[in-house]
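Chemist: Provided herewith: structure_20.cif, mmCIF, C-alpha atoms; chains and numbers go by the auth columns.
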data_upload
loop_
_atom_site.group_PDB
_atom_site.id
_atom_site.type_symbol
_atom_site.label_atom_id
_atom_site.label_comp_id
_atom_site.label_asym_id
_atom_site.label_seq_id
_atom_site.Cartn_x
_atom_site.Cartn_y
_atom_site.Cartn_z
_atom_site.B_iso_or_equiv
_atom_site.auth_seq_id
_atom_site.auth_asym_id
ATOM 1 C CA MET A 1 -7.834 -11.229 2.529 0.00 609 A
ATOM 2 C CA LYS A 2 -4.086 -11.475 2.154 0.00 610 A
ATOM 3 C CA MET A 3 -1.456 -8.767 2.101 0.00 611 A
ATOM 4 C CA VAL A 4 1.336 -9.437 -0.359 0.00 612 A
ATOM 5 C CA ARG A 5 4.572 -7.605 0.364 0.00 613 A
ATOM 6 C CA ALA A 6 7.168 -7.939 -2.346 0.00 614 A
ATOM 7 C CA PHE A 7 10.702 -6.605 -2.065 0.00 615 A
ATOM 8 C CA ILE A 8 11.877 -6.285 -5.644 0.00 616 A
ATOM 9 C CA ARG A 9 14.592 -4.618 -7.678 0.00 617 A
ATOM 10 C CA PRO A 10 13.692 -0.940 -8.274 0.00 618 A
ATOM 11 C CA GLU A 11 14.272 -1.308 -12.010 0.00 619 A
ATOM 12 C CA LYS A 12 11.696 -4.111 -12.205 0.00 620 A
ATOM 13 C CA GLU A 13 8.957 -2.064 -10.551 0.00 621 A
ATOM 14 C CA GLN A 14 7.216 -0.769 -13.696 0.00 622 A
ATOM 15 C CA GLU A 15 7.246 -4.179 -15.335 0.00 623 A
ATOM 16 C CA VAL A 16 5.721 -5.870 -12.289 0.00 624 A
ATOM 17 C CA VAL A 17 3.107 -3.140 -11.745 0.00 625 A
ATOM 18 C CA LEU A 18 1.962 -3.207 -15.363 0.00 626 A
ATOM 19 C CA ALA A 19 1.758 -6.997 -15.335 0.00 627 A
ATOM 20 C CA LEU A 20 -0.367 -6.837 -12.175 0.00 628 A
ATOM 21 C CA GLU A 21 -2.567 -4.178 -13.767 0.00 629 A
ATOM 22 C CA GLY A 22 -3.049 -6.383 -16.797 0.00 630 A
ATOM 23 C CA ALA A 23 -4.124 -9.265 -14.576 0.00 631 A
ATOM 24 C CA GLY A 24 -6.679 -7.075 -12.809 0.00 632 A
ATOM 25 C CA PHE A 25 -4.722 -6.092 -9.697 0.00 633 A
ATOM 26 C CA GLY A 26 -4.298 -2.383 -10.357 0.00 634 A
ATOM 27 C CA SER A 27 -4.295 -1.254 -6.726 0.00 635 A
ATOM 28 C CA LEU A 28 -1.057 -1.238 -4.791 0.00 636 A
ATOM 29 C CA THR A 29 1.251 0.873 -2.657 0.00 637 A
ATOM 30 C CA LYS A 30 4.972 1.193 -3.226 0.00 638 A
ATOM 31 C CA MET A 31 7.772 2.580 -1.116 0.00 639 A
ATOM 32 C CA PRO A 32 11.513 2.732 -1.439 0.00 640 A
ATOM 33 C CA VAL A 33 13.347 0.673 1.168 0.00 641 A
ATOM 34 C CA PHE A 34 16.924 -0.318 1.949 0.00 642 A
ATOM 35 C CA GLY A 35 17.859 -3.741 3.107 0.00 643 A
ATOM 36 C CA ARG A 36 20.105 -6.706 2.897 0.00 644 A
ATOM 37 C CA GLY A 37 19.566 -10.405 2.616 0.00 645 A
ATOM 38 C CA LYS A 38 21.329 -13.693 3.066 0.00 646 A
ATOM 39 C CA GLN A 39 24.476 -12.451 1.307 0.00 647 A
ATOM 40 C CA LYS A 40 24.787 -9.549 3.816 0.00 648 A
ATOM 41 C CA GLY A 41 24.941 -6.943 1.100 0.00 649 A
ATOM 42 C CA LEU A 42 27.248 -6.750 -1.853 0.00 650 A
ATOM 43 C CA GLN A 43 30.971 -6.295 -2.372 0.00 651 A
ATOM 44 C CA VAL A 44 32.248 -4.638 -5.541 0.00 652 A
ATOM 45 C CA GLY A 45 36.024 -4.649 -5.482 0.00 653 A
ATOM 46 C CA PRO A 46 37.129 -3.027 -2.241 0.00 654 A
ATOM 47 C CA ILE A 47 33.790 -1.303 -1.701 0.00 655 A
ATOM 48 C CA TYR A 48 31.264 -3.014 0.507 0.00 656 A
ATOM 49 C CA TYR A 49 27.568 -2.153 0.220 0.00 657 A
ATOM 50 C CA ASP A 50 25.821 -3.116 3.425 0.00 658 A
ATOM 51 C CA GLU A 51 22.315 -2.054 2.445 0.00 659 A
ATOM 52 C CA LEU A 52 20.935 -2.150 -1.065 0.00 660 A
ATOM 53 C CA PRO A 53 18.019 -0.133 -2.426 0.00 661 A
ATOM 54 C CA LYS A 54 14.833 -2.094 -3.117 0.00 662 A
ATOM 55 C CA THR A 55 11.221 -1.246 -3.839 0.00 663 A
ATOM 56 C CA LEU A 56 8.550 -2.590 -1.532 0.00 664 A
ATOM 57 C CA LEU A 57 5.248 -3.292 -3.263 0.00 665 A
ATOM 58 C CA MET A 58 2.315 -3.793 -0.928 0.00 666 A
ATOM 59 C CA LEU A 59 -1.059 -5.014 -2.116 0.00 667 A
ATOM 60 C CA VAL A 60 -4.083 -6.575 -0.509 0.00 668 A
ATOM 61 C CA VAL A 61 -6.006 -9.175 -2.489 0.00 669 A
ATOM 62 C CA ASP A 62 -8.699 -11.760 -1.877 0.00 670 A
ATOM 63 C CA ASP A 63 -7.549 -15.108 -0.498 0.00 671 A
ATOM 64 C CA GLY A 64 -8.050 -16.943 -3.779 0.00 672 A
ATOM 65 C CA ALA A 65 -6.009 -14.463 -5.804 0.00 673 A
ATOM 66 C CA ALA A 66 -2.933 -14.408 -3.567 0.00 674 A
ATOM 67 C CA GLU A 67 -1.312 -17.385 -5.284 0.00 675 A
ATOM 68 C CA GLN A 68 -1.777 -15.838 -8.722 0.00 676 A
ATOM 69 C CA VAL A 69 -0.330 -12.486 -7.595 0.00 677 A
ATOM 70 C CA VAL A 70 2.712 -14.141 -6.048 0.00 678 A
ATOM 71 C CA ASP A 71 3.336 -16.165 -9.208 0.00 679 A
ATOM 72 C CA LEU A 72 3.010 -13.064 -11.343 0.00 680 A
ATOM 73 C CA ILE A 73 5.435 -10.982 -9.268 0.00 681 A
ATOM 74 C CA GLU A 74 7.865 -13.880 -9.097 0.00 682 A
ATOM 75 C CA ASP A 75 7.772 -14.328 -12.846 0.00 683 A
ATOM 76 C CA LYS A 76 8.290 -10.640 -13.664 0.00 684 A
ATOM 77 C CA ALA A 77 10.821 -9.753 -10.946 0.00 685 A
ATOM 78 C CA ARG A 78 13.143 -12.686 -11.504 0.00 686 A
ATOM 79 C CA THR A 79 16.519 -12.186 -13.139 0.00 687 A
ATOM 80 C CA GLY A 80 18.141 -15.323 -11.741 0.00 688 A
ATOM 81 C CA PHE A 81 20.882 -13.426 -9.886 0.00 689 A
ATOM 82 C CA ILE A 82 21.132 -12.813 -6.162 0.00 690 A
ATOM 83 C CA GLY A 83 19.190 -9.766 -4.997 0.00 691 A
ATOM 84 C CA ASP A 84 15.938 -10.501 -6.796 0.00 692 A
ATOM 85 C CA GLY A 85 14.079 -10.036 -3.524 0.00 693 A
ATOM 86 C CA LYS A 86 11.491 -11.760 -1.394 0.00 694 A
ATOM 87 C CA ILE A 87 7.715 -11.976 -1.244 0.00 695 A
ATOM 88 C CA PHE A 88 5.862 -12.191 2.050 0.00 696 A
ATOM 89 C CA LEU A 89 2.206 -13.059 2.617 0.00 697 A
ATOM 90 C CA SER A 90 0.228 -12.090 5.697 0.00 698 A
ATOM 91 C CA ASP A 91 -3.376 -12.164 6.819 0.00 699 A
ATOM 92 C CA ILE A 92 -5.596 -9.095 6.743 0.00 700 A
ATOM 93 C CA GLU A 93 -8.690 -9.423 8.875 0.00 701 A
ATOM 94 C CA GLN A 94 -10.627 -6.477 7.541 0.00 702 A
ATOM 95 C CA ALA A 95 -10.298 -3.672 5.012 0.00 703 A
ATOM 96 C CA TYR A 96 -12.210 -0.405 4.775 0.00 704 A
ATOM 97 C CA THR A 97 -12.651 2.094 1.961 0.00 705 A
ATOM 98 C CA ILE A 98 -12.477 5.519 3.587 0.00 706 A
ATOM 99 C CA ARG A 99 -14.538 7.264 0.885 0.00 707 A
ATOM 100 C CA THR A 100 -17.596 5.109 1.528 0.00 708 A
ATOM 101 C CA GLY A 101 -16.766 3.807 4.995 0.00 709 A
ATOM 102 C CA GLU A 102 -17.660 0.323 3.794 0.00 710 A
ATOM 103 C CA ALA A 103 -15.855 -2.837 4.802 0.00 711 A
ATOM 104 C CA GLY A 104 -14.246 -4.911 2.083 0.00 712 A
ATOM 105 C CA LEU A 105 -11.734 -4.287 -0.659 0.00 713 A
ATOM 106 C CA MET B 1 -3.571 -6.305 19.594 0.00 331 B
ATOM 107 C CA LYS B 2 -4.355 -5.211 16.088 0.00 332 B
ATOM 108 C CA GLU B 3 -2.350 -3.355 13.521 0.00 333 B
ATOM 109 C CA ILE B 4 -4.260 -0.580 11.786 0.00 334 B
ATOM 110 C CA CYS B 5 -2.624 0.437 8.544 0.00 335 B
ATOM 111 C CA ALA B 6 -4.299 3.482 6.985 0.00 336 B
ATOM 112 C CA ILE B 7 -3.260 4.925 3.644 0.00 337 B
ATOM 113 C CA ILE B 8 -4.541 8.505 3.544 0.00 338 B
ATOM 114 C CA ARG B 9 -4.172 11.859 1.790 0.00 339 B
ATOM 115 C CA ARG B 10 -1.040 13.816 2.634 0.00 340 B
ATOM 116 C CA ASP B 11 -2.918 16.910 3.795 0.00 341 B
ATOM 117 C CA LYS B 12 -5.046 14.944 6.264 0.00 342 B
ATOM 118 C CA VAL B 13 -2.132 13.790 8.415 0.00 343 B
ATOM 119 C CA PRO B 14 -2.247 16.604 11.038 0.00 344 B
ATOM 120 C CA GLU B 15 -6.012 16.223 11.477 0.00 345 B
ATOM 121 C CA THR B 16 -5.711 12.454 11.740 0.00 346 B
ATOM 122 C CA LYS B 17 -2.984 12.757 14.356 0.00 347 B
ATOM 123 C CA ALA B 18 -5.188 15.160 16.327 0.00 348 B
ATOM 124 C CA VAL B 19 -8.178 12.817 16.224 0.00 349 B
ATOM 125 C CA LEU B 20 -6.042 9.850 17.326 0.00 350 B
ATOM 126 C CA GLU B 21 -4.975 11.921 20.329 0.00 351 B
ATOM 127 C CA GLU B 22 -8.649 12.547 21.095 0.00 352 B
ATOM 128 C CA VAL B 23 -9.331 8.801 21.013 0.00 353 B
ATOM 129 C CA GLY B 24 -6.431 8.378 23.423 0.00 354 B
ATOM 130 C CA LEU B 25 -4.041 6.427 21.199 0.00 355 B
ATOM 131 C CA PRO B 26 -1.486 8.945 19.963 0.00 356 B
ATOM 132 C CA SER B 27 1.218 6.395 19.061 0.00 357 B
ATOM 133 C CA VAL B 28 1.553 6.143 15.300 0.00 358 B
ATOM 134 C CA SER B 29 4.207 5.607 12.639 0.00 359 B
ATOM 135 C CA ILE B 30 3.943 7.702 9.498 0.00 360 B
ATOM 136 C CA GLN B 31 5.546 6.798 6.219 0.00 361 B
ATOM 137 C CA SER B 32 5.627 8.535 2.894 0.00 362 B
ATOM 138 C CA VAL B 33 4.446 6.148 0.185 0.00 363 B
ATOM 139 C CA GLU B 34 3.158 6.209 -3.364 0.00 364 B
ATOM 140 C CA GLY B 35 0.121 4.270 -4.378 0.00 365 B
ATOM 141 C CA ARG B 36 -2.631 3.632 -6.851 0.00 366 B
ATOM 142 C CA GLY B 37 -6.120 2.309 -6.338 0.00 367 B
ATOM 143 C CA ARG B 38 -9.030 1.308 -8.509 0.00 368 B
ATOM 144 C CA GLN B 39 -8.518 4.411 -10.714 0.00 369 B
ATOM 145 C CA ARG B 40 -4.935 3.291 -11.341 0.00 370 B
ATOM 146 C CA GLY B 41 -3.381 6.628 -10.455 0.00 371 B
ATOM 147 C CA ASP B 42 -5.778 8.826 -12.452 0.00 372 B
ATOM 148 C CA VAL B 43 -6.260 11.794 -10.121 0.00 373 B
ATOM 149 C CA ALA B 44 -8.945 13.446 -12.284 0.00 374 B
ATOM 150 C CA CYS B 45 -11.324 10.490 -12.205 0.00 375 B
ATOM 151 C CA GLN B 46 -14.820 11.203 -10.865 0.00 376 B
ATOM 152 C CA LEU B 47 -17.526 8.903 -9.542 0.00 377 B
ATOM 153 C CA GLN B 48 -19.719 9.217 -12.640 0.00 378 B
ATOM 154 C CA ASP B 49 -16.793 8.301 -14.895 0.00 379 B
ATOM 155 C CA MET B 50 -16.627 4.716 -13.654 0.00 380 B
ATOM 156 C CA ASP B 51 -18.765 1.695 -14.371 0.00 381 B
ATOM 157 C CA GLN B 52 -19.546 -1.185 -12.018 0.00 382 B
ATOM 158 C CA ASP B 53 -16.245 -2.929 -12.658 0.00 383 B
ATOM 159 C CA GLY B 54 -14.233 0.144 -11.777 0.00 384 B
ATOM 160 C CA GLN B 55 -13.244 0.819 -15.364 0.00 385 B
ATOM 161 C CA ILE B 56 -13.218 4.428 -16.580 0.00 386 B
ATOM 162 C CA CYS B 57 -16.072 4.530 -19.102 0.00 387 B
ATOM 163 C CA ASN B 58 -17.215 8.167 -19.497 0.00 388 B
ATOM 164 C CA ALA B 59 -16.445 9.442 -23.000 0.00 389 B
ATOM 165 C CA LEU B 60 -16.261 13.017 -21.693 0.00 390 B
ATOM 166 C CA HIS B 61 -13.740 12.083 -19.019 0.00 391 B
ATOM 167 C CA VAL B 62 -10.641 14.245 -19.456 0.00 392 B
ATOM 168 C CA PRO B 63 -7.905 13.084 -17.127 0.00 393 B
ATOM 169 C CA LEU B 64 -5.395 15.634 -15.778 0.00 394 B
ATOM 170 C CA ARG B 65 -2.752 13.156 -16.778 0.00 395 B
ATOM 171 C CA PRO B 66 -3.540 10.554 -19.424 0.00 396 B
ATOM 172 C CA THR B 67 -4.247 7.076 -18.144 0.00 397 B
ATOM 173 C CA PRO B 68 -1.453 4.673 -18.941 0.00 398 B
ATOM 174 C CA SER B 69 -3.261 2.598 -21.518 0.00 399 B
ATOM 175 C CA GLU B 70 -4.827 5.549 -23.353 0.00 400 B
ATOM 176 C CA TYR B 71 -1.540 7.389 -23.414 0.00 401 B
ATOM 177 C CA ALA B 72 0.252 4.358 -24.751 0.00 402 B
ATOM 178 C CA LEU B 73 -2.358 3.838 -27.465 0.00 403 B
ATOM 179 C CA GLU B 74 -2.291 7.478 -28.592 0.00 404 B
ATOM 180 C CA HIS B 75 1.452 7.927 -28.597 0.00 405 B
ATOM 181 C CA THR B 76 2.636 4.360 -29.212 0.00 406 B
ATOM 182 C CA LEU B 77 4.903 4.678 -26.209 0.00 407 B
ATOM 183 C CA PRO B 78 5.705 2.086 -23.595 0.00 408 B
ATOM 184 C CA LYS B 79 3.071 2.023 -20.862 0.00 409 B
ATOM 185 C CA VAL B 80 3.868 3.815 -17.632 0.00 410 B
ATOM 186 C CA ALA B 81 2.288 3.078 -14.286 0.00 411 B
ATOM 187 C CA LEU B 82 1.087 6.221 -12.487 0.00 412 B
ATOM 188 C CA PHE B 83 1.309 6.684 -8.741 0.00 413 B
ATOM 189 C CA VAL B 84 -0.180 9.202 -6.336 0.00 414 B
ATOM 190 C CA PRO B 85 1.787 10.326 -3.268 0.00 415 B
ATOM 191 C CA LYS B 86 0.123 9.244 -0.013 0.00 416 B
ATOM 192 C CA ARG B 87 0.908 8.875 3.668 0.00 417 B
ATOM 193 C CA MET B 88 0.737 5.527 5.407 0.00 418 B
ATOM 194 C CA LEU B 89 -0.142 5.572 9.101 0.00 419 B
ATOM 195 C CA THR B 90 0.527 2.434 11.106 0.00 420 B
ATOM 196 C CA ALA B 91 -0.804 2.114 14.631 0.00 421 B
ATOM 197 C CA ILE B 92 -0.837 -0.884 16.954 0.00 422 B
ATOM 198 C CA VAL B 93 -3.883 -0.663 19.197 0.00 423 B
ATOM 199 C CA PRO B 94 -5.571 -2.887 21.806 0.00 424 B
ATOM 200 C CA ASP B 95 -8.444 -5.013 20.489 0.00 425 B
ATOM 201 C CA GLU B 96 -11.196 -2.993 22.194 0.00 426 B
ATOM 202 C CA SER B 97 -10.064 0.312 20.648 0.00 427 B
ATOM 203 C CA VAL B 98 -10.027 -0.861 17.025 0.00 428 B
ATOM 204 C CA GLU B 99 -13.605 0.173 16.237 0.00 429 B
ATOM 205 C CA ALA B 100 -13.177 3.654 17.725 0.00 430 B
ATOM 206 C CA VAL B 101 -9.944 4.296 15.836 0.00 431 B
ATOM 207 C CA ILE B 102 -11.379 3.159 12.497 0.00 432 B
ATOM 208 C CA GLU B 103 -14.488 5.273 13.006 0.00 433 B
ATOM 209 C CA ALA B 104 -12.339 8.315 13.822 0.00 434 B
ATOM 210 C CA ILE B 105 -10.014 7.847 10.831 0.00 435 B
ATOM 211 C CA ILE B 106 -12.947 7.428 8.442 0.00 436 B
ATOM 212 C CA ARG B 107 -14.761 10.471 9.899 0.00 437 B
ATOM 213 C CA ILE B 108 -11.751 12.754 9.445 0.00 438 B
ATOM 214 C CA ASN B 109 -10.508 11.465 6.092 0.00 439 B
ATOM 215 C CA GLN B 110 -13.793 11.080 4.231 0.00 440 B
ATOM 216 C CA THR B 111 -14.165 13.673 1.459 0.00 441 B
ATOM 217 C CA GLY B 112 -16.324 11.585 -0.862 0.00 442 B
ATOM 218 C CA GLN B 113 -13.827 11.892 -3.709 0.00 443 B
ATOM 219 C CA PHE B 114 -11.656 9.110 -5.056 0.00 444 B
ATOM 220 C CA GLY B 115 -8.327 8.841 -3.316 0.00 445 B
ATOM 221 C CA ASP B 116 -9.535 8.954 0.277 0.00 446 B
ATOM 222 C CA GLY B 117 -7.587 5.786 0.917 0.00 447 B
ATOM 223 C CA LYS B 118 -7.921 2.404 2.570 0.00 448 B
ATOM 224 C CA ILE B 119 -7.629 0.978 6.056 0.00 449 B
ATOM 225 C CA PHE B 120 -6.293 -2.524 6.651 0.00 450 B
ATOM 226 C CA ILE B 121 -6.601 -4.417 9.925 0.00 451 B
ATOM 227 C CA SER B 122 -4.384 -7.345 10.827 0.00 452 B
ATOM 228 C CA ALA B 123 -3.512 -9.226 14.000 0.00 453 B
ATOM 229 C CA ILE B 124 -0.286 -8.662 15.934 0.00 454 B
ATOM 230 C CA GLU B 125 0.895 -11.639 17.933 0.00 455 B
ATOM 231 C CA GLU B 126 3.203 -9.960 20.399 0.00 456 B
ATOM 232 C CA GLY B 127 4.540 -6.538 21.261 0.00 457 B
ATOM 233 C CA ARG B 128 7.445 -5.483 23.432 0.00 458 B
ATOM 234 C CA ARG B 129 8.575 -2.120 24.682 0.00 459 B
ATOM 235 C CA ILE B 130 12.312 -2.007 24.150 0.00 460 B
ATOM 236 C CA ARG B 131 13.079 0.387 27.028 0.00 461 B
ATOM 237 C CA THR B 132 11.448 -1.680 29.775 0.00 462 B
ATOM 238 C CA GLY B 133 10.864 -5.060 28.179 0.00 463 B
ATOM 239 C CA GLU B 134 7.109 -4.931 28.879 0.00 464 B
ATOM 240 C CA LEU B 135 5.111 -7.480 26.935 0.00 465 B
ATOM 241 C CA GLY B 136 1.726 -7.518 25.233 0.00 466 B
ATOM 242 C CA GLU B 137 -0.874 -4.787 25.531 0.00 467 B
ATOM 243 C CA GLU B 138 1.118 -3.007 28.238 0.00 468 B
ATOM 244 C CA ALA B 139 3.754 -2.345 25.613 0.00 469 B
ATOM 245 C CA VAL B 140 1.378 -0.487 23.302 0.00 470 B
ATOM 246 C CA ALA B 141 -0.746 1.266 25.924 0.00 471 B
#
Would it be possible to restate this file's structure as structure tokens?

Modeler:
Amino acid sequence: MKMVRAFIRPEKEQEVVLALEGAGFGSLTKMPVFGRGKQKGLQVGPIYYDELPKTLLMLVVDDGAAEQVVDLIEDKARTGFIGDGKIFLSDIEQAYTIRTGEAGL
Amino acid sequence: MKEICAIIRRDKVPETKAVLEEVGLPSVSIQSVEGRGRQRGDVACQLQDMDQDGQICNALHVPLRPTPSEYALEHTLPKVALFVPKRMLTAIVPDESVEAVIEAIIRINQTGQFGDGKIFISAIEEGRRIRTGELGEEAVA
């Protein structure tokens, strides 16, 4: 299994989530985060924003579906301007459903 | 070392913290998150309302809040994704304690209803205690 962590623009969250739901990946966790990237924040006139608000979407999918999920998020979250965010993939060795106690997604 | 990431009900956090202390691994990070699972945020969904594919199929099913697609169909409104508030517990534990911690978390958090949450296990390559600079399992013990 793979964990996909996507840092996206907060205003793109609904669009991405609904696209994922449509593709059969309805389960995910989101949290608000603050961060900065390569551009070290943002300067608007004299005001300098060091950390910008983003939404972190976290979902765990089967190995074969990871590519599709990444493509989908990339497609929906892209505006073409700096600050669109990043997607990270990591390995998950095991998952458990607490309700049943069973292993697996 | 393994990272145990458990997404649980908000009201189970004190009990879960207590049981982790019993196991002997009290170190944990807690974060407030919002999430949705196979029921896609429908908090009124019951076991008998779902078919094998996880789709809500019971005609008598009356959700507390309408499911996104049904709501959109009925009201011709843009679809909205629903989320349920949850707590995410992250603990880094030594390899040999993983089984005990998972067993304890499942025992405390199991209610049998939808929304009990998930546990994810992944490997951690290295850990370091900032105060002393200890490496590896010493840093998380």

Chemist: For each of B:Glu464, B:Val470, B:Lys448, B:Glu352, take the minimum atom-to-atom distance to A:Ala703, counting all atoms listed in the file, then give the residue where this is smallest.

Modeler: B:Lys448

Chemist: Sorted by chain and rising residue number, which residues of chain B lie within 6 Å of chain A, and what are their closest atom pairs and distances in Å to one decimal, counting all atoms listed in the file, as a tab-separated table?

Modeler:
residue	atom	partner	partner_atom	distance
B:Val363	CA	A:Met639	CA	5.0
B:Glu364	CA	A:Lys638	CA	5.3
B:Gly365	CA	A:Thr637	CA	4.0
B:Arg366	CA	A:Ser635	CA	5.2
B:Gly367	CA	A:Ser635	CA	4.0
B:Arg368	CA	A:Ser635	CA	5.7
B:Arg370	CA	A:Gly634	CA	5.8
B:Ile436	CA	A:Ile706	CA	5.2
B:Gln440	CA	A:Arg707	CA	5.1
B:Gly442	CA	A:Arg707	CA	5.0
B:Asp446	CA	A:Arg707	CA	5.3
B:Gly447	CA	A:Ile706	CA	5.6
B:Lys448	CA	A:Thr705	CA	4.8
B:Ile449	CA	A:Tyr704	CA	5.0
B:Phe450	CA	A:Ala703	CA	4.5
B:Ile451	CA	A:Gln702	CA	5.1
B:Ser452	CA	A:Ile700	CA	4.6

Chemist: Starting from the PyMOL selection byres ((chain A and resi 693) around 6), expand the selection into actual residues of this file and give them as a list in words.

Modeler: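 When the PyMOL selection byres ((chain A and resi 693) around 6) is applied to the shown file, the picked residues are Phe615, Ile616, Gly691, Asp692 and Lys694 of chain A.
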
Chemist: I need the residue set behind the PyMOL selection byres ((chain B and resi 434) around 12) for this file; please write it as a VMD selection string.

Modeler: (chain A and resid 706 709) or (chain B and resid 336 345 to 355 427 to 433 435 to 440 449)

Chemist: Based on the selection just made, write C-alpha atoms of those residues as a short mmCIF file (atom, residue, chain, number, x, y, z; two decimals), in the frame of the given file.

Modeler:
data_model
loop_
_atom_site.label_atom_id
_atom_site.label_comp_id
_atom_site.auth_asym_id
_atom_site.auth_seq_id
_atom_site.Cartn_x
_atom_site.Cartn_y
_atom_site.Cartn_z
CA ILE A 706 -12.48 5.52 3.59
CA GLY A 709 -16.77 3.81 5.00
CA ALA B 336 -4.30 3.48 6.98
CA GLU B 345 -6.01 16.22 11.48
CA THR B 346 -5.71 12.45 11.74
CA LYS B 347 -2.98 12.76 14.36
CA ALA B 348 -5.19 15.16 16.33
CA VAL B 349 -8.18 12.82 16.22
CA LEU B 350 -6.04 9.85 17.33
CA GLU B 351 -4.97 11.92 20.33
CA GLU B 352 -8.65 12.55 21.10
CA VAL B 353 -9.33 8.80 21.01
CA GLY B 354 -6.43 8.38 23.42
CA LEU B 355 -4.04 6.43 21.20
CA SER B 427 -10.06 0.31 20.65
CA VAL B 428 -10.03 -0.86 17.02
CA GLU B 429 -13.60 0.17 16.24
CA ALA B 430 -13.18 3.65 17.73
CA VAL B 431 -9.94 4.30 15.84
CA ILE B 432 -11.38 3.16 12.50
CA GLU B 433 -14.49 5.27 13.01
CA ILE B 435 -10.01 7.85 10.83
CA ILE B 436 -12.95 7.43 8.44
CA ARG B 437 -14.76 10.47 9.90
CA ILE B 438 -11.75 12.75 9.44
CA ASN B 439 -10.51 11.46 6.09
CA GLN B 440 -13.79 11.08 4.23
CA ILE B 449 -7.63 0.98 6.06
#

Chemist: Quick one: apply the PyMOL selection byres ((chain B and resi 361) around 10) to the file and drop the selected residues here as a list in words.

Modeler: Met639 of chain A; Ile337, Val358, Ser359, Ile360, Ser362, Val363, Glu364, Lys416, Arg417, Met418, Leu419 and Thr420 of chain B

Chemist: Could you state the separation of atom CA of A:Ile681 and atom CA of B:Cys387 in Å, given to one decimal place?

Modeler: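 Calculated distance between atom CA of A:Ile681 and atom CA of B:Cys387 is 28.3 Å.
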
Chemist: So the first atom is atom CA of B:Ile422 and the second is atom CA of B:Arg461; what is the distance between them in Å, to one decimal place?

Modeler: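 Straight-line distance from atom CA of B:Ile422 to atom CA of B:Arg461 works out to 17.2 Å.
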
Chemist: What is the distance between atom CA of A:Asp671 and atom CA of A:Phe696, in Å to one decimal?

Modeler: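 Here the two named atoms are 14.0 Å from each other.
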
Chemist: Quick one: residues within 9 Å of A:Gly643, only C-alpha atoms, excluding same-chain residues fewer than 5 positions away - as a PyMOL selection string?

Modeler: chain A and resi 649+658-662

Chemist: Which of these residues is nearest to A:Ala614, using all atoms listed in the file: A:Val641, A:Ile690, A:Gly672, A:Tyr657?

Modeler: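 Under the stated criterion, the closest residue is A:Val641.
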
Chemist: Which residue, A:Gln647, A:Val677, A:Thr687, A:Glu682, has the smallest gap to A:Gly630 when you use only C-alpha atoms?

Modeler: A:Val677

Chemist: Find the residue from B:Val414, B:Leu465, B:Ala421, B:Leu377 that sits nearest to B:Arg339; use only C-alpha atoms when measuring.

Modeler: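 Smallest separation from B:Arg339 among the options: B:Val414.
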